Structure formats: C-alpha cells, structure tokens
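What's in run.tsv: TSV, N, CA and C atoms
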```
chain	number	residue	atom	x	y	z
X	1	MET	N	152.89	62.77	182.06
X	1	MET	CA	151.97	63.36	183.02
X	1	MET	C	150.67	63.67	182.29
X	2	SER	N	149.56	63.23	182.83
X	2	SER	CA	148.28	63.49	182.17
X	2	SER	C	147.58	64.67	182.84
X	3	ALA	N	146.83	65.38	182.03
X	3	ALA	CA	146.10	66.54	182.53
X	3	ALA	C	144.78	66.07	183.15
X	4	VAL	N	144.38	66.69	184.22
X	4	VAL	CA	143.11	66.39	184.86
X	4	VAL	C	142.06	67.28	184.23
X	5	LEU	N	141.04	66.66	183.70
X	5	LEU	CA	139.99	67.41	183.03
X	5	LEU	C	138.82	67.64	183.98
X	6	ALA	N	138.25	68.82	183.90
X	6	ALA	CA	137.06	69.13	184.68
X	6	ALA	C	135.87	68.43	184.03
X	7	PRO	N	134.88	68.03	184.83
X	7	PRO	CA	133.70	67.38	184.23
X	7	PRO	C	132.97	68.36	183.34
X	8	SER	N	132.38	67.83	182.29
X	8	SER	CA	131.59	68.68	181.41
X	8	SER	C	130.34	69.13	182.15
X	9	PRO	N	129.70	70.20	181.69
X	9	PRO	CA	128.49	70.67	182.39
X	9	PRO	C	127.42	69.60	182.52
X	10	ALA	N	127.34	68.69	181.54
X	10	ALA	CA	126.33	67.63	181.61
X	10	ALA	C	126.67	66.63	182.72
X	11	GLU	N	127.95	66.48	183.05
X	11	GLU	CA	128.37	65.53	184.07
X	11	GLU	C	128.47	66.15	185.45
X	12	ALA	N	128.53	67.46	185.52
X	12	ALA	CA	128.69	68.14	186.81
X	12	ALA	C	127.42	67.96	187.64
X	13	PRO	N	127.58	67.67	188.92
X	13	PRO	CA	126.39	67.51	189.76
X	13	PRO	C	125.66	68.84	189.94
X	14	ALA	N	124.35	68.76	190.05
X	14	ALA	CA	123.55	69.96	190.28
X	14	ALA	C	123.84	70.49	191.68
X	15	PRO	N	123.86	71.80	191.84
X	15	PRO	CA	124.10	72.34	193.18
X	15	PRO	C	122.95	71.96	194.11
X	16	ALA	N	123.26	71.79	195.36
X	16	ALA	CA	122.24	71.43	196.35
X	16	ALA	C	121.33	72.62	196.61
X	17	PRO	N	120.03	72.36	196.81
X	17	PRO	CA	119.14	73.46	197.14
X	17	PRO	C	119.46	74.04	198.51
X	18	ALA	N	119.21	75.33	198.66
X	18	ALA	CA	119.40	76.01	199.94
X	18	ALA	C	118.38	75.44	200.95
X	19	PRO	N	118.62	75.62	202.25
X	19	PRO	CA	117.71	75.06	203.26
X	19	PRO	C	116.24	75.46	203.07
X	20	ARG	N	115.97	76.72	202.78
X	20	ARG	CA	114.56	77.12	202.60
X	20	ARG	C	113.99	76.56	201.30
X	21	GLU	N	114.82	76.40	200.29
X	21	GLU	CA	114.36	75.77	199.05
X	21	GLU	C	114.02	74.31	199.33
X	22	ARG	N	114.85	73.63	200.11
X	22	ARG	CA	114.57	72.23	200.48
X	22	ARG	C	113.26	72.11	201.24
X	23	GLU	N	113.06	73.01	202.19
X	23	GLU	CA	111.82	72.98	202.98
X	23	GLU	C	110.60	73.21	202.09
X	24	THR	N	110.72	74.17	201.19
X	24	THR	CA	109.62	74.45	200.25
X	24	THR	C	109.35	73.23	199.38
X	25	LEU	N	110.39	72.63	198.86
X	25	LEU	CA	110.25	71.44	198.02
X	25	LEU	C	109.59	70.31	198.79
X	26	ARG	N	109.95	70.14	200.05
X	26	ARG	CA	109.36	69.10	200.88
X	26	ARG	C	107.85	69.29	201.02
X	27	HIS	N	107.42	70.53	201.23
X	27	HIS	CA	105.99	70.81	201.37
X	27	HIS	C	105.24	70.55	200.07
X	28	ILE	N	105.79	70.98	198.96
X	28	ILE	CA	105.14	70.79	197.67
X	28	ILE	C	105.06	69.30	197.33
X	29	ALA	N	106.14	68.57	197.60
X	29	ALA	CA	106.16	67.13	197.34
X	29	ALA	C	105.16	66.39	198.22
X	30	ALA	N	104.86	66.96	199.39
X	30	ALA	CA	103.88	66.35	200.30
X	30	ALA	C	102.44	66.64	199.85
X	31	GLY	N	102.28	67.43	198.79
X	31	GLY	CA	100.95	67.69	198.24
X	31	GLY	C	100.34	69.01	198.67
X	32	ARG	N	101.10	69.84	199.36
X	32	ARG	CA	100.58	71.15	199.78
X	32	ARG	C	100.58	72.11	198.60
X	33	THR	N	99.64	73.02	198.62
X	33	THR	CA	99.59	74.06	197.60
X	33	THR	C	100.60	75.15	197.91
X	34	TYR	N	100.79	76.07	196.96
X	34	TYR	CA	101.69	77.20	197.21
X	34	TYR	C	101.18	78.00	198.42
X	35	LEU	N	99.86	78.21	198.50
X	35	LEU	CA	99.29	78.99	199.60
X	35	LEU	C	99.49	78.27	200.93
X	36	GLN	N	99.23	76.98	200.99
X	36	GLN	CA	99.43	76.21	202.22
X	36	GLN	C	100.90	76.23	202.64
X	37	THR	N	101.79	76.08	201.67
X	37	THR	CA	103.23	76.11	201.95
X	37	THR	C	103.63	77.47	202.48
X	38	ALA	N	103.15	78.52	201.83
X	38	ALA	CA	103.48	79.89	202.24
X	38	ALA	C	103.01	80.15	203.67
X	39	ARG	N	101.80	79.77	203.98
X	39	ARG	CA	101.26	79.99	205.33
X	39	ARG	C	102.05	79.20	206.37
X	40	HIS	N	102.39	77.95	206.05
X	40	HIS	CA	103.12	77.11	207.00
X	40	HIS	C	104.53	77.67	207.26
X	41	MET	N	105.15	78.22	206.22
X	41	MET	CA	106.52	78.71	206.34
X	41	MET	C	106.59	80.20	206.70
X	42	GLY	N	105.43	80.87	206.75
X	42	GLY	CA	105.42	82.29	207.07
X	42	GLY	C	105.95	83.15	205.93
X	43	LEU	N	105.66	82.74	204.70
X	43	LEU	CA	106.14	83.43	203.50
X	43	LEU	C	104.96	83.88	202.65
X	44	SER	N	105.26	84.66	201.63
X	44	SER	CA	104.25	84.97	200.63
X	44	SER	C	104.28	83.88	199.56
X	45	THR	N	103.20	83.76	198.81
X	45	THR	CA	103.18	82.78	197.72
X	45	THR	C	104.21	83.15	196.65
X	46	HIS	N	104.52	84.42	196.53
X	46	HIS	CA	105.55	84.85	195.56
X	46	HIS	C	106.93	84.31	195.96
X	47	THR	N	107.20	84.28	197.26
X	47	THR	CA	108.49	83.75	197.72
X	47	THR	C	108.55	82.24	197.50
X	48	VAL	N	107.46	81.55	197.77
X	48	VAL	CA	107.39	80.11	197.51
X	48	VAL	C	107.65	79.85	196.04
X	49	ASP	N	107.00	80.63	195.18
X	49	ASP	CA	107.20	80.48	193.74
X	49	ASP	C	108.66	80.75	193.36
X	50	ALA	N	109.27	81.74	193.96
X	50	ALA	CA	110.67	82.07	193.67
X	50	ALA	C	111.59	80.91	194.07
X	51	TYR	N	111.37	80.33	195.24
X	51	TYR	CA	112.17	79.19	195.68
X	51	TYR	C	112.04	78.03	194.70
X	52	LEU	N	110.82	77.76	194.28
X	52	LEU	CA	110.60	76.64	193.36
X	52	LEU	C	111.18	76.93	191.98
X	53	ARG	N	111.16	78.18	191.54
X	53	ARG	CA	111.79	78.53	190.26
X	53	ARG	C	113.30	78.29	190.34
X	54	ARG	N	113.90	78.63	191.48
X	54	ARG	CA	115.34	78.39	191.66
X	54	ARG	C	115.66	76.90	191.61
X	55	ILE	N	114.83	76.10	192.26
X	55	ILE	CA	115.04	74.65	192.26
X	55	ILE	C	114.90	74.12	190.84
X	56	ARG	N	113.86	74.57	190.13
X	56	ARG	CA	113.67	74.13	188.74
X	56	ARG	C	114.88	74.47	187.89
X	57	ALA	N	115.43	75.65	188.09
X	57	ALA	CA	116.60	76.06	187.30
X	57	ALA	C	117.83	75.22	187.67
X	58	LYS	N	118.04	74.96	188.95
X	58	LYS	CA	119.21	74.18	189.39
X	58	LYS	C	119.18	72.76	188.85
X	59	PHE	N	118.00	72.16	188.81
X	59	PHE	CA	117.88	70.76	188.41
X	59	PHE	C	117.28	70.57	187.02
X	60	ASN	N	117.06	71.67	186.30
X	60	ASN	CA	116.48	71.61	184.95
X	60	ASN	C	115.15	70.86	184.97
X	61	ILE	N	114.27	71.28	185.86
X	61	ILE	CA	112.96	70.66	186.06
X	61	ILE	C	111.90	71.51	185.36
X	62	THR	N	110.94	70.82	184.73
X	62	THR	CA	109.90	71.55	184.01
X	62	THR	C	108.50	71.38	184.57
X	63	ASN	N	108.28	70.43	185.49
X	63	ASN	CA	106.92	70.25	186.01
X	63	ASN	C	106.93	69.76	187.45
X	64	THR	N	105.76	69.74	188.05
X	64	THR	CA	105.63	69.39	189.46
X	64	THR	C	105.97	67.92	189.72
X	65	ALA	N	105.67	67.05	188.77
X	65	ALA	CA	106.02	65.64	188.95
X	65	ALA	C	107.53	65.48	189.09
X	66	GLU	N	108.29	66.22	188.29
X	66	GLU	CA	109.75	66.17	188.40
X	66	GLU	C	110.23	66.78	189.72
X	67	LEU	N	109.52	67.81	190.21
X	67	LEU	CA	109.84	68.37	191.52
X	67	LEU	C	109.70	67.30	192.60
X	68	THR	N	108.61	66.56	192.52
X	68	THR	CA	108.36	65.51	193.50
X	68	THR	C	109.41	64.41	193.40
X	69	ARG	N	109.76	64.03	192.20
X	69	ARG	CA	110.79	63.00	191.99
X	69	ARG	C	112.13	63.47	192.57
X	70	THR	N	112.44	64.76	192.38
X	70	THR	CA	113.68	65.32	192.91
X	70	THR	C	113.64	65.31	194.44
X	71	ALA	N	112.50	65.65	195.03
X	71	ALA	CA	112.37	65.63	196.49
X	71	ALA	C	112.62	64.23	197.02
X	72	ILE	N	112.10	63.22	196.35
X	72	ILE	CA	112.31	61.84	196.78
X	72	ILE	C	113.78	61.48	196.66
X	73	ALA	N	114.39	61.87	195.55
X	73	ALA	CA	115.82	61.57	195.34
X	73	ALA	C	116.70	62.24	196.40
X	74	LEU	N	116.26	63.41	196.88
X	74	LEU	CA	117.02	64.13	197.91
X	74	LEU	C	116.69	63.64	199.33
X	75	GLY	N	115.76	62.70	199.41
X	75	GLY	CA	115.40	62.15	200.72
X	75	GLY	C	114.51	63.07	201.53
X	76	LEU	N	113.74	63.90	200.84
X	76	LEU	CA	112.86	64.82	201.56
X	76	LEU	C	111.51	64.15	201.76
```

How does the structure come out when it is put into structure tokens?
Amino acid sequence: MSAVLAPSPAEAPAPAPAPRERETLRHIAAGRTYLQTARHMGLSTHTVDAYLRRIRAKFNITNTAELTRTAIALGL
C-alpha cells in the first residue's frame, strides 16, 4: 500500500481571489488607476490597495505587469 503525499507548497495551486479582489484586478488590468477603480467600485483607494496586496500575496506577484498577466490567466 503506498502513501498519498500532499503536494509541496511550490506545487499547490494558488487560492482563487475573492469576488471583490477579482473585480479590482479586472479594473487595474483594464488600465484604470487606483482612484478610478475605487470610484467605480464605491471604495476608498486604501481598500483597492488592500485587495491588490492580498492578490499579490496569494500569487507571489511583485509588479503591475504580473497583476495584468494574472488577470489574463484568470480570464478577467
């Protein structure tokens, strides 16, 4: 009988962004600024920044180009 091994952290899929994080990511990937995104979503720019920080942490993203690439990969 063989043991089933859990995937290593490097192999584990990144958790999916929450709905509001996805919406925020979609706006940023479309070229909107934090202020434009905040106004469109009825949020403060601090909340937009918080959502994007969470996404960066979930996907180990360091810049806006990678955010955009992630949005495309997620079909946003």

Quick one: distance from atom N of Ala30 (chain X) to atom N of Tyr51 (chain X) in Å, one decimal?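 Computing it gives 15.4 Å between the two atoms.
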
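Here the question is which of X:Lys58, X:His27, X:Arg32, X:Arg69 gets nearest to Pro15 (chain X) using all atoms listed in the file, and that residue is X:Lys58.
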
Run DSSP on the backbone and give me the residues of chain X it puts in helix (DSSP H, G or I), as a VMD selection string. chain X and resid 19 to 29 34 to 41 45 to 59 64 to 73

Figure out the distance between CA of Arg56 (chain X) and atom C of Ile72 (chain X), please, to one decimal in Å.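 For atom C of Ile72 (chain X) relative to CA of Arg56 (chain X), the distance reads 14.9 Å.
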
For a test of reading the model, state the distance in Å between atom N of Asn63 (chain X) and atom C of Ile28 (chain X), rounded to one decimal. 12.3 Å

Can you tell me which residues surround Leu67 (chain X) at a distance of at most 7 Å, considering all atoms listed in the file, apart from same-chain residues fewer than 6 positions away, and format the answer as a list in words? Leu25, Ile28, Ala29 and Ile61 of chain X

Would you compute the box with edges along x, y and z of the file around region 59-69 of chain X, including every atom the file lists for it and 6 Å extra on each side, and give its centre and edge lengths in Å to one decimal, as lines of an AutoDock Vina configuration file?
```
center_x = 111.8
center_y = 67.6
center_z = 188.8
size_x = 24.4
size_y = 21.2
size_z = 21.5
```

Contacts of Ala16 (chain X) at 12 Å (only C-alpha atoms; same-chain gap of 4+ positions) as a list in words: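 Near neighbours after the sequence-gap exclusion: Ala12, Arg20, Glu21, Arg22, Arg54, Ile55, Arg56, Ala57, Lys58, Phe59, Thr70, Ala71, Ala73 and Leu74 of chain X.
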